[in-house]
$ cat coords.txt   # compact mmCIF, C-alpha atoms and all ligand atoms
# COMPACT_ATOMS: atom_id res chain seq x y z
CA MET B 20 -62.91 -0.68 -6.49
CA SER B 21 -62.72 -3.44 -3.93
CA SER B 22 -62.41 -2.14 -0.40
CA THR B 23 -60.59 -5.29 0.71
CA SER B 24 -57.66 -5.13 -1.75
CA PRO B 25 -54.68 -3.17 -0.47
CA LYS B 26 -53.14 -0.61 -2.73
CA ILE B 27 -50.47 -1.81 -5.14
CA TYR B 28 -47.33 0.27 -5.54
CA ALA B 29 -45.54 -0.37 -8.84
CA LEU B 30 -41.85 0.49 -8.46
CA HIS B 31 -40.30 1.10 -11.86
CA GLU B 32 -38.43 3.55 -14.08
CA ASN B 33 -39.85 2.98 -17.56
CA THR B 34 -43.28 4.47 -18.22
CA GLU B 35 -43.42 2.99 -21.72
CA TRP B 36 -44.25 -0.57 -20.66
CA PHE B 37 -46.84 0.33 -18.04
CA PRO B 38 -50.16 0.82 -19.94
CA PRO B 39 -51.03 -2.90 -20.49
CA PHE B 40 -50.45 -3.47 -16.78
CA ALA B 41 -52.50 -0.41 -15.81
CA ARG B 42 -55.40 -1.84 -17.85
CA ALA B 43 -55.05 -5.24 -16.18
CA PHE B 44 -55.05 -3.68 -12.69
CA GLU B 45 -58.10 -1.66 -13.56
CA ALA B 46 -59.92 -4.74 -14.89
CA GLU B 47 -59.22 -6.45 -11.55
CA GLY B 48 -60.47 -3.43 -9.62
CA LEU B 49 -57.07 -2.80 -8.03
CA GLU B 50 -55.80 0.56 -6.96
CA VAL B 51 -52.28 1.10 -8.26
CA GLU B 52 -49.80 3.89 -7.79
CA GLU B 53 -46.71 4.15 -9.94
CA TRP B 54 -43.59 4.95 -7.99
CA LEU B 55 -40.87 6.04 -10.39
CA LEU B 56 -37.45 5.33 -8.98
CA THR B 57 -35.35 7.62 -11.12
CA ASP B 58 -34.32 10.08 -8.42
CA GLY B 59 -35.89 11.34 -5.22
CA VAL B 60 -35.71 11.54 -1.46
CA LEU B 61 -36.04 8.72 1.05
CA ASP B 62 -36.42 9.70 4.69
CA LEU B 63 -35.15 6.76 6.73
CA ASP B 64 -37.24 7.89 9.71
CA SER B 65 -40.45 7.64 7.72
CA VAL B 66 -42.76 4.64 7.83
CA PRO B 67 -43.84 3.16 4.49
CA PRO B 68 -47.52 3.32 3.57
CA GLU B 69 -49.58 0.15 3.79
CA GLY B 70 -49.76 -1.80 0.57
CA ILE B 71 -48.12 -4.36 -1.71
CA PHE B 72 -44.90 -3.21 -3.34
CA TRP B 73 -44.23 -4.79 -6.71
CA SER B 74 -40.81 -3.99 -8.17
CA ARG B 75 -40.27 -3.98 -11.88
CA ILE B 76 -36.89 -2.23 -12.00
CA SER B 77 -35.10 -3.26 -15.15
CA ALA B 78 -31.45 -4.16 -15.76
CA SER B 79 -31.47 -1.93 -18.84
CA SER B 80 -32.51 1.16 -16.82
CA HIS B 81 -29.17 2.85 -17.51
CA THR B 82 -29.97 2.86 -21.27
CA ARG B 83 -32.86 5.21 -20.49
CA ASP B 84 -30.59 7.57 -18.54
CA HIS B 85 -31.80 6.01 -15.31
CA GLY B 86 -28.45 4.75 -14.11
CA LEU B 87 -29.33 5.61 -10.51
CA SER B 88 -32.52 3.55 -10.47
CA LYS B 89 -31.01 0.26 -9.39
CA ASP B 90 -29.32 1.86 -6.40
CA TYR B 91 -32.36 3.90 -5.49
CA ALA B 92 -34.43 0.71 -5.75
CA ARG B 93 -31.95 -1.12 -3.50
CA ALA B 94 -32.45 1.59 -0.89
CA VAL B 95 -36.24 1.69 -1.16
CA LEU B 96 -36.68 -2.10 -1.12
CA SER B 97 -34.36 -2.43 1.89
CA TRP B 98 -36.42 0.19 3.73
CA LEU B 99 -39.73 -1.45 2.80
CA GLU B 100 -38.61 -4.93 3.81
CA ALA B 101 -37.09 -3.68 7.07
CA HIS B 102 -40.57 -2.42 7.91
CA GLY B 103 -42.05 -5.82 7.09
CA ARG B 104 -43.87 -4.61 3.98
CA ARG B 105 -44.85 -7.26 1.45
CA THR B 106 -42.70 -6.81 -1.64
CA VAL B 107 -43.15 -8.81 -4.85
CA ASN B 108 -39.88 -9.39 -6.72
CA GLY B 109 -38.24 -7.59 -3.83
CA ARG B 110 -34.73 -6.85 -2.62
CA ARG B 111 -33.18 -10.24 -3.41
CA ILE B 112 -34.77 -10.40 -6.85
CA LEU B 113 -33.41 -6.99 -7.79
CA GLU B 114 -29.93 -8.51 -7.58
CA LEU B 115 -31.01 -11.37 -9.83
CA GLU B 116 -32.31 -8.88 -12.39
CA MET B 117 -29.07 -6.91 -12.34
CA SER B 118 -26.62 -9.79 -12.72
CA LYS B 119 -26.43 -12.62 -15.20
CA VAL B 120 -23.74 -14.18 -13.00
CA ASP B 121 -26.32 -14.29 -10.22
CA GLN B 122 -28.88 -15.81 -12.63
CA LEU B 123 -26.55 -18.43 -14.08
CA THR B 124 -25.11 -19.54 -10.75
CA ALA B 125 -28.61 -19.81 -9.23
CA LEU B 126 -29.90 -21.77 -12.24
CA ARG B 127 -26.99 -24.19 -12.00
CA ALA B 128 -27.54 -24.64 -8.26
CA ALA B 129 -31.11 -25.64 -9.12
CA GLY B 130 -29.85 -28.30 -11.53
CA ILE B 131 -30.67 -26.36 -14.70
CA ASP B 132 -28.15 -26.51 -17.56
CA THR B 133 -26.62 -23.21 -18.64
CA PRO B 134 -24.06 -22.33 -21.31
CA ARG B 135 -20.42 -22.35 -20.21
CA THR B 136 -19.65 -18.84 -19.01
CA VAL B 137 -16.68 -16.93 -17.59
CA ALA B 138 -17.00 -13.45 -16.09
CA ALA B 139 -14.28 -10.91 -16.85
CA VAL B 140 -14.11 -8.13 -14.29
CA GLY B 141 -12.57 -5.08 -15.94
CA ARG B 142 -11.80 -4.56 -19.61
CA ASP B 143 -8.25 -5.87 -19.36
CA SER B 144 -9.43 -9.30 -18.23
CA ILE B 145 -11.65 -10.05 -21.21
CA LEU B 146 -9.00 -11.57 -23.46
CA ALA B 147 -7.66 -13.77 -20.67
CA ALA B 148 -11.20 -14.92 -19.83
CA ALA B 149 -11.83 -15.90 -23.47
CA LYS B 150 -8.62 -17.93 -23.85
CA GLU B 151 -10.12 -21.35 -23.30
CA PHE B 152 -13.24 -20.77 -25.41
CA PRO B 153 -13.13 -22.22 -28.89
CA ALA B 154 -14.51 -19.79 -31.50
CA PRO B 155 -17.22 -18.86 -32.12
CA PHE B 156 -18.15 -17.48 -28.72
CA ILE B 157 -20.38 -14.71 -27.38
CA THR B 158 -19.75 -11.71 -25.15
CA LYS B 159 -22.52 -10.03 -23.18
CA HIS B 160 -22.91 -7.65 -20.30
CA ASN B 161 -23.50 -8.98 -16.82
CA GLN B 162 -26.08 -6.25 -16.35
CA GLY B 163 -27.96 -6.87 -19.55
CA GLY B 164 -31.41 -6.63 -21.05
CA LYS B 165 -32.23 -5.69 -24.65
CA GLY B 166 -29.26 -7.71 -25.90
CA LEU B 167 -26.76 -5.22 -24.42
CA GLY B 168 -23.22 -6.00 -25.43
CA VAL B 169 -24.23 -9.33 -26.97
CA ARG B 170 -21.81 -10.05 -29.79
CA LYS B 171 -20.59 -13.13 -31.54
CA PHE B 172 -16.87 -13.51 -32.26
CA GLU B 173 -15.44 -15.81 -34.89
CA SER B 174 -11.88 -15.60 -33.54
CA HIS B 175 -9.82 -14.41 -30.58
CA GLY B 176 -8.18 -11.83 -32.83
CA GLU B 177 -11.56 -10.31 -33.58
CA LEU B 178 -12.22 -10.06 -29.84
CA ALA B 179 -8.82 -8.39 -29.25
CA ASP B 180 -9.62 -5.80 -31.93
CA TYR B 181 -13.03 -5.15 -30.41
CA VAL B 182 -11.77 -4.79 -26.84
CA SER B 183 -9.05 -2.32 -27.80
CA GLY B 184 -11.17 -0.48 -30.39
CA PRO B 185 -13.65 2.40 -30.35
CA ASP B 186 -16.76 0.17 -30.60
CA PHE B 187 -16.16 -1.44 -27.23
CA GLU B 188 -19.25 -1.08 -25.07
CA GLU B 189 -18.40 -0.60 -21.41
CA PRO B 190 -20.74 -2.73 -19.26
CA ALA B 191 -22.69 -0.81 -16.61
CA ASP B 192 -21.10 -2.77 -13.75
CA GLY B 193 -17.71 -3.41 -15.39
CA ILE B 194 -18.41 -7.13 -15.85
CA THR B 195 -18.35 -8.72 -19.29
CA LEU B 196 -19.29 -12.36 -19.77
CA ILE B 197 -17.67 -14.70 -22.25
CA GLN B 198 -20.10 -17.44 -23.14
CA GLU B 199 -20.14 -20.50 -25.34
CA PHE B 200 -22.04 -19.81 -28.55
CA ILE B 201 -25.21 -21.88 -28.50
CA ASN B 202 -25.77 -23.54 -31.83
CA ALA B 203 -29.57 -23.56 -31.93
CA ALA B 204 -31.34 -26.44 -33.65
CA GLU B 205 -33.73 -23.89 -35.18
CA PRO B 206 -33.42 -20.08 -35.23
CA PHE B 207 -35.61 -19.23 -32.32
CA ILE B 208 -35.50 -18.95 -28.54
CA THR B 209 -38.25 -19.75 -26.06
CA ARG B 210 -39.24 -17.59 -23.13
CA VAL B 211 -41.34 -19.17 -20.38
CA GLU B 212 -43.63 -16.79 -18.49
CA ILE B 213 -44.31 -17.51 -14.81
CA VAL B 214 -46.54 -15.54 -12.47
CA GLY B 215 -46.95 -16.66 -8.88
CA SER B 216 -46.37 -20.39 -9.03
CA GLU B 217 -48.06 -20.73 -12.37
CA PHE B 218 -46.83 -21.27 -15.89
CA ILE B 219 -48.77 -18.77 -18.03
CA TYR B 220 -47.46 -19.43 -21.56
CA ALA B 221 -44.32 -19.76 -23.64
CA ILE B 222 -43.18 -17.24 -26.25
CA ARG B 223 -41.17 -18.02 -29.34
CA ALA B 224 -38.82 -15.29 -30.56
CA ASP B 225 -37.31 -15.37 -34.03
CA THR B 226 -33.51 -15.01 -33.91
CA ALA B 227 -33.01 -15.07 -37.70
CA ARG B 228 -34.74 -11.66 -37.92
CA GLY B 229 -34.39 -10.54 -34.31
CA GLY B 230 -30.71 -11.35 -33.79
CA PHE B 231 -29.65 -10.72 -30.21
CA GLN B 232 -31.99 -7.81 -29.44
CA LEU B 233 -35.14 -9.65 -28.51
CA CYS B 234 -36.85 -6.91 -26.57
CA PRO B 235 -40.66 -7.00 -26.75
CA ALA B 236 -41.05 -3.22 -26.84
CA ASP B 237 -41.31 -1.67 -30.32
CA ALA B 238 -38.87 1.03 -29.27
CA CYS B 239 -36.04 -1.50 -29.19
CA ALA B 240 -36.43 -2.52 -32.82
CA ILE B 241 -37.36 0.74 -34.55
CA ASP B 242 -34.92 3.37 -35.73
CA PRO B 243 -36.31 6.61 -34.22
CA SER B 244 -35.07 8.73 -37.15
CA THR B 245 -36.62 6.66 -39.94
CA GLY B 246 -39.38 4.80 -38.08
CA LYS B 247 -38.20 1.64 -39.84
CA PRO B 248 -37.04 -1.66 -38.31
CA ILE B 249 -33.33 -1.88 -37.61
CA MET B 250 -31.29 -4.89 -38.75
CA PRO B 251 -30.32 -6.11 -35.27
CA PRO B 252 -26.84 -7.47 -34.55
CA GLY B 253 -26.77 -11.22 -35.08
CA ALA B 254 -29.80 -11.22 -37.40
CA THR B 255 -29.37 -13.19 -40.61
CA ILE B 256 -32.59 -12.06 -42.34
CA ALA B 257 -33.55 -8.37 -42.48
CA PRO B 258 -36.77 -7.56 -40.67
CA ASP B 259 -39.44 -5.78 -42.71
CA GLU B 260 -42.13 -3.46 -41.41
CA ASP B 261 -44.59 -6.26 -40.83
CA THR B 262 -42.07 -8.51 -39.14
CA GLN B 263 -43.36 -9.97 -35.94
CA LEU B 264 -40.46 -11.43 -34.00
CA PHE B 265 -42.57 -12.79 -31.17
CA SER B 266 -45.29 -15.41 -31.29
CA LEU B 267 -47.01 -17.71 -28.88
CA ARG B 268 -45.29 -21.09 -28.66
CA GLU B 269 -48.52 -23.02 -28.73
CA GLY B 270 -49.03 -26.17 -26.75
CA PHE B 271 -45.64 -25.94 -25.09
CA ASP B 272 -45.49 -28.67 -22.49
CA HIS B 273 -42.04 -29.77 -21.36
CA PRO B 274 -40.32 -30.94 -18.13
CA ILE B 275 -38.27 -27.71 -18.13
CA ILE B 276 -41.42 -25.87 -17.01
CA GLY B 277 -41.48 -27.86 -13.77
CA LYS B 278 -37.79 -27.10 -13.20
CA TYR B 279 -38.40 -23.39 -13.72
CA LEU B 280 -41.35 -23.39 -11.33
CA GLU B 281 -39.17 -25.07 -8.73
CA PHE B 282 -36.34 -22.59 -9.37
CA ALA B 283 -38.70 -19.60 -9.09
CA LYS B 284 -40.13 -20.92 -5.85
CA ARG B 285 -36.71 -21.54 -4.37
CA MET B 286 -35.56 -18.02 -5.24
CA GLY B 287 -38.75 -16.26 -4.14
CA LEU B 288 -39.05 -15.11 -7.74
CA GLU B 289 -42.73 -14.35 -8.21
CA VAL B 290 -42.83 -12.86 -11.71
CA CYS B 291 -40.43 -13.94 -14.45
CA GLY B 292 -39.76 -14.85 -18.06
CA ILE B 293 -36.98 -17.43 -18.42
CA GLU B 294 -35.23 -17.95 -21.75
CA PHE B 295 -33.75 -21.10 -23.20
CA MET B 296 -32.51 -22.47 -26.50
CA GLU B 297 -32.67 -25.99 -27.84
CA THR B 298 -29.30 -26.92 -29.30
CA ALA B 299 -28.53 -28.81 -32.49
CA ASP B 300 -27.16 -31.63 -30.31
CA GLY B 301 -30.39 -31.97 -28.32
CA ARG B 302 -29.61 -30.02 -25.13
CA ILE B 303 -31.73 -27.38 -23.47
CA LEU B 304 -29.62 -24.44 -22.29
CA THR B 305 -31.12 -21.75 -20.09
CA TYR B 306 -29.31 -18.42 -20.36
CA ASP B 307 -31.49 -15.49 -19.23
CA VAL B 308 -33.86 -14.76 -16.33
CA ASN B 309 -36.05 -11.67 -16.80
CA THR B 310 -37.79 -10.59 -13.62
CA ASN B 311 -40.86 -9.30 -15.41
CA THR B 312 -43.59 -10.73 -17.59
CA ASN B 313 -44.56 -10.32 -21.22
CA TYR B 314 -46.63 -7.48 -22.57
CA ASN B 315 -46.08 -8.04 -26.28
CA ALA B 316 -49.51 -7.36 -27.78
CA VAL B 317 -49.36 -9.95 -30.58
CA VAL B 318 -48.48 -12.72 -28.14
CA GLU B 319 -51.11 -11.51 -25.68
CA ALA B 320 -53.79 -11.56 -28.41
CA ALA B 321 -53.04 -15.22 -29.22
CA ALA B 322 -52.45 -16.44 -25.66
CA PRO B 323 -54.94 -18.56 -23.71
CA ARG B 324 -54.62 -16.07 -20.86
CA SER B 325 -53.07 -12.66 -20.36
CA ALA B 326 -49.80 -12.35 -18.44
CA PRO B 327 -50.48 -8.80 -17.13
CA ARG B 328 -53.95 -9.95 -16.08
CA ALA B 329 -52.49 -13.00 -14.34
CA LEU B 330 -50.12 -10.64 -12.51
CA ALA B 331 -52.99 -8.37 -11.41
CA GLN B 332 -54.91 -11.40 -10.15
CA TYR B 333 -51.84 -12.68 -8.37
CA LEU B 334 -51.19 -9.34 -6.64
CA LYS B 335 -54.83 -9.25 -5.61
CA GLY B 336 -54.39 -12.69 -4.02
CA VAL B 337 -51.19 -11.62 -2.25
CA GLY B 338 -53.06 -8.81 -0.56
CA ALA B 339 -56.17 -10.78 0.31
N1 LIG H 401 -24.69 -18.12 -25.63
C1 LIG H 401 -25.44 -17.71 -26.65
N2 LIG H 401 -25.36 -18.30 -27.87
C2 LIG H 401 -26.11 -17.87 -28.92
N3 LIG H 401 -27.00 -16.85 -28.85
C3 LIG H 401 -27.14 -16.24 -27.66
C4 LIG H 401 -26.39 -16.64 -26.51
N4 LIG H 401 -26.73 -15.86 -25.47
C5 LIG H 401 -27.65 -15.01 -25.94
N5 LIG H 401 -27.91 -15.23 -27.25
C6 LIG H 401 -28.89 -14.48 -28.06
O1 LIG H 401 -28.87 -13.13 -27.66
C7 LIG H 401 -30.13 -12.76 -27.08
C8 LIG H 401 -29.89 -11.82 -25.89
O2 LIG H 401 -29.13 -12.49 -24.89
P1 LIG H 401 -29.61 -12.54 -23.37
O3 LIG H 401 -28.63 -13.33 -22.61
O4 LIG H 401 -31.03 -12.96 -23.32
O5 LIG H 401 -29.43 -11.04 -22.94
P2 LIG H 401 -30.52 -9.93 -22.54
O6 LIG H 401 -30.61 -9.96 -21.05
O7 LIG H 401 -29.93 -8.69 -23.03
O8 LIG H 401 -31.83 -10.30 -23.18
C9 LIG H 401 -30.78 -14.08 -26.73
O9 LIG H 401 -32.18 -14.00 -26.70
C10 LIG H 401 -30.30 -14.98 -27.84
O10 LIG H 401 -31.05 -14.79 -29.03
MG MG H 402 -32.89 -12.10 -22.99
$ encode --input "coords.txt" --output "structure tokens"
Amino acid sequence: MSSTSPKIYALHENTEWFPPFARAFEAEGLEVEEWLLTDGVLDLDSVPPEGIFWSRISASSHTRDHGLSKDYARAVLSWLEAHGRRTVNGRRILELEMSKVDQLTALRAAGIDTPRTVAAVGRDSILAAAKEFPAPFITKHNQGGKGLGVRKFESHGELADYVSGPDFEEPADGITLIQEFINAAEPFITRVEIVGSEFIYAIRADTARGGFQLCPADACAIDPSTGKPIMPPGATIAPDEDTQLFSLREGFDHPIIGKYLEFAKRMGLEVCGIEFMETADGRILTYDVNTNTNYNAVVEAAAPRSAPRALAQYLKGVGA
């Protein structure tokens, strides 16, 4: 253990994703303490410990029964930053994680093309928001992750039935997005991993088999009762047990990387995976900013360098 590296506090609410990061921290000789923000006590008169505070609170926390985590994290990050503690993906970035409106407006301000999107606040506004969209179009939750609420509609009538029916999924923050359906040139999306100011690698995720639920954790794709892969919404080919939805997009070198690095720098976004699709008519549309980095083992095994390891090295540098 290096005596010069300050302790790293990992603020999160999902223990499942942590082991690859724990191994990377250990390999770098960093001391790390997990701080689970599910519930707890915060004494506003207390002074935070010394250290680097890396937040990895996820927009899908409410799907793990951790609906209070985002607000607890808001409180803790505000307290830490008020005391001048160094946060990584701190208070501002938490908002970016929690809101696709925040992501899309920030991307557009940075000159990055995004799909046409309208936010409907409250269930009753969804049909009005969709009026000017030609079918097909997509709905998704503003507070997303794991493909939450992502659905494709072939007509406005189908949307009306959905919104008034029993299958309607209430978004965690009451905001549903209506978005142009991106007609992809080929059935995959690309996710660009950035740590610090560095491009680490790009991932390719198969949308023919993966549909809209492109979550790198096995738990998202496996039916817990049968242990078998689920046919995800939007998938056109059934996944089988050996299906690997994620692969390394080898040799990816494109001007969009430079734009993303600039965007991340401008936002103070230190760890992220940004998703885009290439359209049949030759456009690149960026639609999702994840404020974490990849830990999918198959991608990691093929990658020129490890994203969790790059993160550990970066955090070590932050504290040096
Ligand atoms: N506008 C769109 N058109 C077509 N497919 C989309 C669109 N938006 C999202 N998808 C598909 O749904 C997946 C999940 O959407 P995304 O916006 O990334 O939400 P999440 O934050 O839940 O990952 C994407 O990876 C992509 O495959
Ligand atoms: Mg996504």
$ closest_residue --input "coords.txt" --among "B:Val120, B:Ala283, B:Ile201, B:Ala125" --to "ligand LIG 401 (chain H)" --atoms "all atoms listed in the file"
B:Ile201
$ residues_near_ligand --input "coords.txt" --ligand "ligand LIG 401 (chain H)" --cutoff "6 Å" --atoms "only C-alpha atoms and all ligand atoms" --output "ChimeraX atom specification"
/B:157,163-167,198-201,226,230-233,306-307
$ atom_distance --input "coords.txt" --atom1 "atom CA of B:Trp54" --atom2 "atom CA of B:Gly70"
12.5 Å
$ atom_distance --input "coords.txt" --atom1 "atom CA of B:Val308" --atom2 "atom CA of B:Arg83"
20.4 Å
$ atom_distance --input "coords.txt" --atom1 "atom CA of B:Leu146" --atom2 "atom CA of B:Ile197"
9.3 Å
$ closest_residue --input "coords.txt" --among "B:Ala29, B:Ile275, B:Ala149, B:Leu56" --to "B:Gly130" --atoms "all atoms listed in the file"
B:Ile275
$ residues_around --input "coords.txt" --residues "B:Lys335" --least-positions-apart "2" --cutoff "8 Å" --atoms "all atoms listed in the file" --output "list in words"
Ser24, Pro25, Glu47, Leu49, Ala331, Gln332, Tyr333, Val337, Gly338 and Ala339 of chain B
$ closest_residue --input "coords.txt" --among "B:Gly287, B:Pro248, B:Pro67, B:Gly229" --to "ligand MG 402 (chain H)" --atoms "only C-alpha atoms and all ligand atoms"
B:Gly229
$ closest_residue --input "coords.txt" --among "B:Ala128, B:Thr158, B:Phe72, B:Thr82" --to "B:Glu100" --atoms "only C-alpha atoms"
B:Phe72
$ residues_around --input "coords.txt" --residues "stretch 101-108 of chain B" --least-positions-apart "3" --cutoff "12 Å" --atoms "all atoms listed in the file" --output "PDB file with C-alpha atoms, in the frame of the given file"
ATOM      1  CA  PRO B  25     -54.680  -3.170  -0.470  1.00  0.00           C
ATOM      2  CA  LYS B  26     -53.140  -0.610  -2.730  1.00  0.00           C
ATOM      3  CA  ILE B  27     -50.470  -1.810  -5.140  1.00  0.00           C
ATOM      4  CA  TYR B  28     -47.330   0.270  -5.540  1.00  0.00           C
ATOM      5  CA  ALA B  29     -45.540  -0.370  -8.840  1.00  0.00           C
ATOM      6  CA  LEU B  30     -41.850   0.490  -8.460  1.00  0.00           C
ATOM      7  CA  HIS B  31     -40.300   1.100 -11.860  1.00  0.00           C
ATOM      8  CA  LEU B  63     -35.150   6.760   6.730  1.00  0.00           C
ATOM      9  CA  ASP B  64     -37.240   7.890   9.710  1.00  0.00           C
ATOM     10  CA  SER B  65     -40.450   7.640   7.720  1.00  0.00           C
ATOM     11  CA  VAL B  66     -42.760   4.640   7.830  1.00  0.00           C
ATOM     12  CA  PRO B  67     -43.840   3.160   4.490  1.00  0.00           C
ATOM     13  CA  PRO B  68     -47.520   3.320   3.570  1.00  0.00           C
ATOM     14  CA  GLU B  69     -49.580   0.150   3.790  1.00  0.00           C
ATOM     15  CA  GLY B  70     -49.760  -1.800   0.570  1.00  0.00           C
ATOM     16  CA  ILE B  71     -48.120  -4.360  -1.710  1.00  0.00           C
ATOM     17  CA  PHE B  72     -44.900  -3.210  -3.340  1.00  0.00           C
ATOM     18  CA  TRP B  73     -44.230  -4.790  -6.710  1.00  0.00           C
ATOM     19  CA  SER B  74     -40.810  -3.990  -8.170  1.00  0.00           C
ATOM     20  CA  ARG B  75     -40.270  -3.980 -11.880  1.00  0.00           C
ATOM     21  CA  ILE B  76     -36.890  -2.230 -12.000  1.00  0.00           C
ATOM     22  CA  SER B  77     -35.100  -3.260 -15.150  1.00  0.00           C
ATOM     23  CA  ALA B  92     -34.430   0.710  -5.750  1.00  0.00           C
ATOM     24  CA  ARG B  93     -31.950  -1.120  -3.500  1.00  0.00           C
ATOM     25  CA  ALA B  94     -32.450   1.590  -0.890  1.00  0.00           C
ATOM     26  CA  VAL B  95     -36.240   1.690  -1.160  1.00  0.00           C
ATOM     27  CA  LEU B  96     -36.680  -2.100  -1.120  1.00  0.00           C
ATOM     28  CA  SER B  97     -34.360  -2.430   1.890  1.00  0.00           C
ATOM     29  CA  TRP B  98     -36.420   0.190   3.730  1.00  0.00           C
ATOM     30  CA  ARG B 111     -33.180 -10.240  -3.410  1.00  0.00           C
ATOM     31  CA  ILE B 112     -34.770 -10.400  -6.850  1.00  0.00           C
ATOM     32  CA  LEU B 113     -33.410  -6.990  -7.790  1.00  0.00           C
ATOM     33  CA  GLU B 114     -29.930  -8.510  -7.580  1.00  0.00           C
ATOM     34  CA  LEU B 115     -31.010 -11.370  -9.830  1.00  0.00           C
ATOM     35  CA  GLU B 116     -32.310  -8.880 -12.390  1.00  0.00           C
ATOM     36  CA  VAL B 214     -46.540 -15.540 -12.470  1.00  0.00           C
ATOM     37  CA  GLY B 215     -46.950 -16.660  -8.880  1.00  0.00           C
ATOM     38  CA  ALA B 283     -38.700 -19.600  -9.090  1.00  0.00           C
ATOM     39  CA  LYS B 284     -40.130 -20.920  -5.850  1.00  0.00           C
ATOM     40  CA  MET B 286     -35.560 -18.020  -5.240  1.00  0.00           C
ATOM     41  CA  GLY B 287     -38.750 -16.260  -4.140  1.00  0.00           C
ATOM     42  CA  LEU B 288     -39.050 -15.110  -7.740  1.00  0.00           C
ATOM     43  CA  GLU B 289     -42.730 -14.350  -8.210  1.00  0.00           C
ATOM     44  CA  VAL B 290     -42.830 -12.860 -11.710  1.00  0.00           C
ATOM     45  CA  CYS B 291     -40.430 -13.940 -14.450  1.00  0.00           C
ATOM     46  CA  ASN B 309     -36.050 -11.670 -16.800  1.00  0.00           C
ATOM     47  CA  THR B 310     -37.790 -10.590 -13.620  1.00  0.00           C
ATOM     48  CA  ASN B 311     -40.860  -9.300 -15.410  1.00  0.00           C
ATOM     49  CA  THR B 312     -43.590 -10.730 -17.590  1.00  0.00           C
ATOM     50  CA  LEU B 330     -50.120 -10.640 -12.510  1.00  0.00           C
ATOM     51  CA  ALA B 331     -52.990  -8.370 -11.410  1.00  0.00           C
ATOM     52  CA  TYR B 333     -51.840 -12.680  -8.370  1.00  0.00           C
ATOM     53  CA  LEU B 334     -51.190  -9.340  -6.640  1.00  0.00           C
ATOM     54  CA  LYS B 335     -54.830  -9.250  -5.610  1.00  0.00           C
ATOM     55  CA  GLY B 336     -54.390 -12.690  -4.020  1.00  0.00           C
ATOM     56  CA  VAL B 337     -51.190 -11.620  -2.250  1.00  0.00           C
ATOM     57  CA  GLY B 338     -53.060  -8.810  -0.560  1.00  0.00           C
ATOM     58  CA  ALA B 339     -56.170 -10.780   0.310  1.00  0.00           C
TER      59      ALA B 339
END
$ build_atoms --input "coords.txt" --residues "stretch 192-201 of chain B" --atoms "N, CA, C and O atoms" --output "PDB file, in the coordinates of the input"
ATOM      1  N   ASP B 192     -21.729  -2.398 -15.034  1.00  0.00           N
ATOM      2  CA  ASP B 192     -21.100  -2.770 -13.750  1.00  0.00           C
ATOM      3  C   ASP B 192     -19.659  -3.241 -13.943  1.00  0.00           C
ATOM      4  O   ASP B 192     -19.069  -3.818 -13.033  1.00  0.00           O
ATOM      5  N   GLY B 193     -19.109  -3.032 -15.140  1.00  0.00           N
ATOM      6  CA  GLY B 193     -17.710  -3.410 -15.390  1.00  0.00           C
ATOM      7  C   GLY B 193     -17.487  -4.893 -15.635  1.00  0.00           C
ATOM      8  O   GLY B 193     -16.349  -5.333 -15.805  1.00  0.00           O
ATOM      9  N   ILE B 194     -18.564  -5.675 -15.676  1.00  0.00           N
ATOM     10  CA  ILE B 194     -18.410  -7.130 -15.850  1.00  0.00           C
ATOM     11  C   ILE B 194     -18.915  -7.569 -17.224  1.00  0.00           C
ATOM     12  O   ILE B 194     -20.085  -7.353 -17.568  1.00  0.00           O
ATOM     13  N   THR B 195     -17.993  -8.164 -17.988  1.00  0.00           N
ATOM     14  CA  THR B 195     -18.350  -8.720 -19.290  1.00  0.00           C
ATOM     15  C   THR B 195     -18.315 -10.240 -19.177  1.00  0.00           C
ATOM     16  O   THR B 195     -17.417 -10.796 -18.545  1.00  0.00           O
ATOM     17  N   LEU B 196     -19.289 -10.895 -19.774  1.00  0.00           N
ATOM     18  CA  LEU B 196     -19.290 -12.360 -19.770  1.00  0.00           C
ATOM     19  C   LEU B 196     -18.811 -12.884 -21.115  1.00  0.00           C
ATOM     20  O   LEU B 196     -19.168 -12.339 -22.165  1.00  0.00           O
ATOM     21  N   ILE B 197     -18.014 -13.933 -21.048  1.00  0.00           N
ATOM     22  CA  ILE B 197     -17.670 -14.700 -22.250  1.00  0.00           C
ATOM     23  C   ILE B 197     -18.505 -15.967 -22.142  1.00  0.00           C
ATOM     24  O   ILE B 197     -18.527 -16.609 -21.080  1.00  0.00           O
ATOM     25  N   GLN B 198     -19.190 -16.295 -23.218  1.00  0.00           N
ATOM     26  CA  GLN B 198     -20.100 -17.440 -23.140  1.00  0.00           C
ATOM     27  C   GLN B 198     -19.994 -18.301 -24.390  1.00  0.00           C
ATOM     28  O   GLN B 198     -19.815 -17.777 -25.492  1.00  0.00           O
ATOM     29  N   GLU B 199     -20.130 -19.588 -24.184  1.00  0.00           N
ATOM     30  CA  GLU B 199     -20.140 -20.500 -25.340  1.00  0.00           C
ATOM     31  C   GLU B 199     -21.256 -20.071 -26.283  1.00  0.00           C
ATOM     32  O   GLU B 199     -22.348 -19.682 -25.838  1.00  0.00           O
ATOM     33  N   PHE B 200     -20.988 -20.113 -27.566  1.00  0.00           N
ATOM     34  CA  PHE B 200     -22.040 -19.810 -28.550  1.00  0.00           C
ATOM     35  C   PHE B 200     -22.957 -21.019 -28.647  1.00  0.00           C
ATOM     36  O   PHE B 200     -22.517 -22.131 -28.892  1.00  0.00           O
ATOM     37  N   ILE B 201     -24.239 -20.779 -28.425  1.00  0.00           N
ATOM     38  CA  ILE B 201     -25.210 -21.880 -28.500  1.00  0.00           C
ATOM     39  C   ILE B 201     -25.645 -22.043 -29.951  1.00  0.00           C
ATOM     40  O   ILE B 201     -26.188 -21.113 -30.550  1.00  0.00           O
TER      41      ILE B 201
END
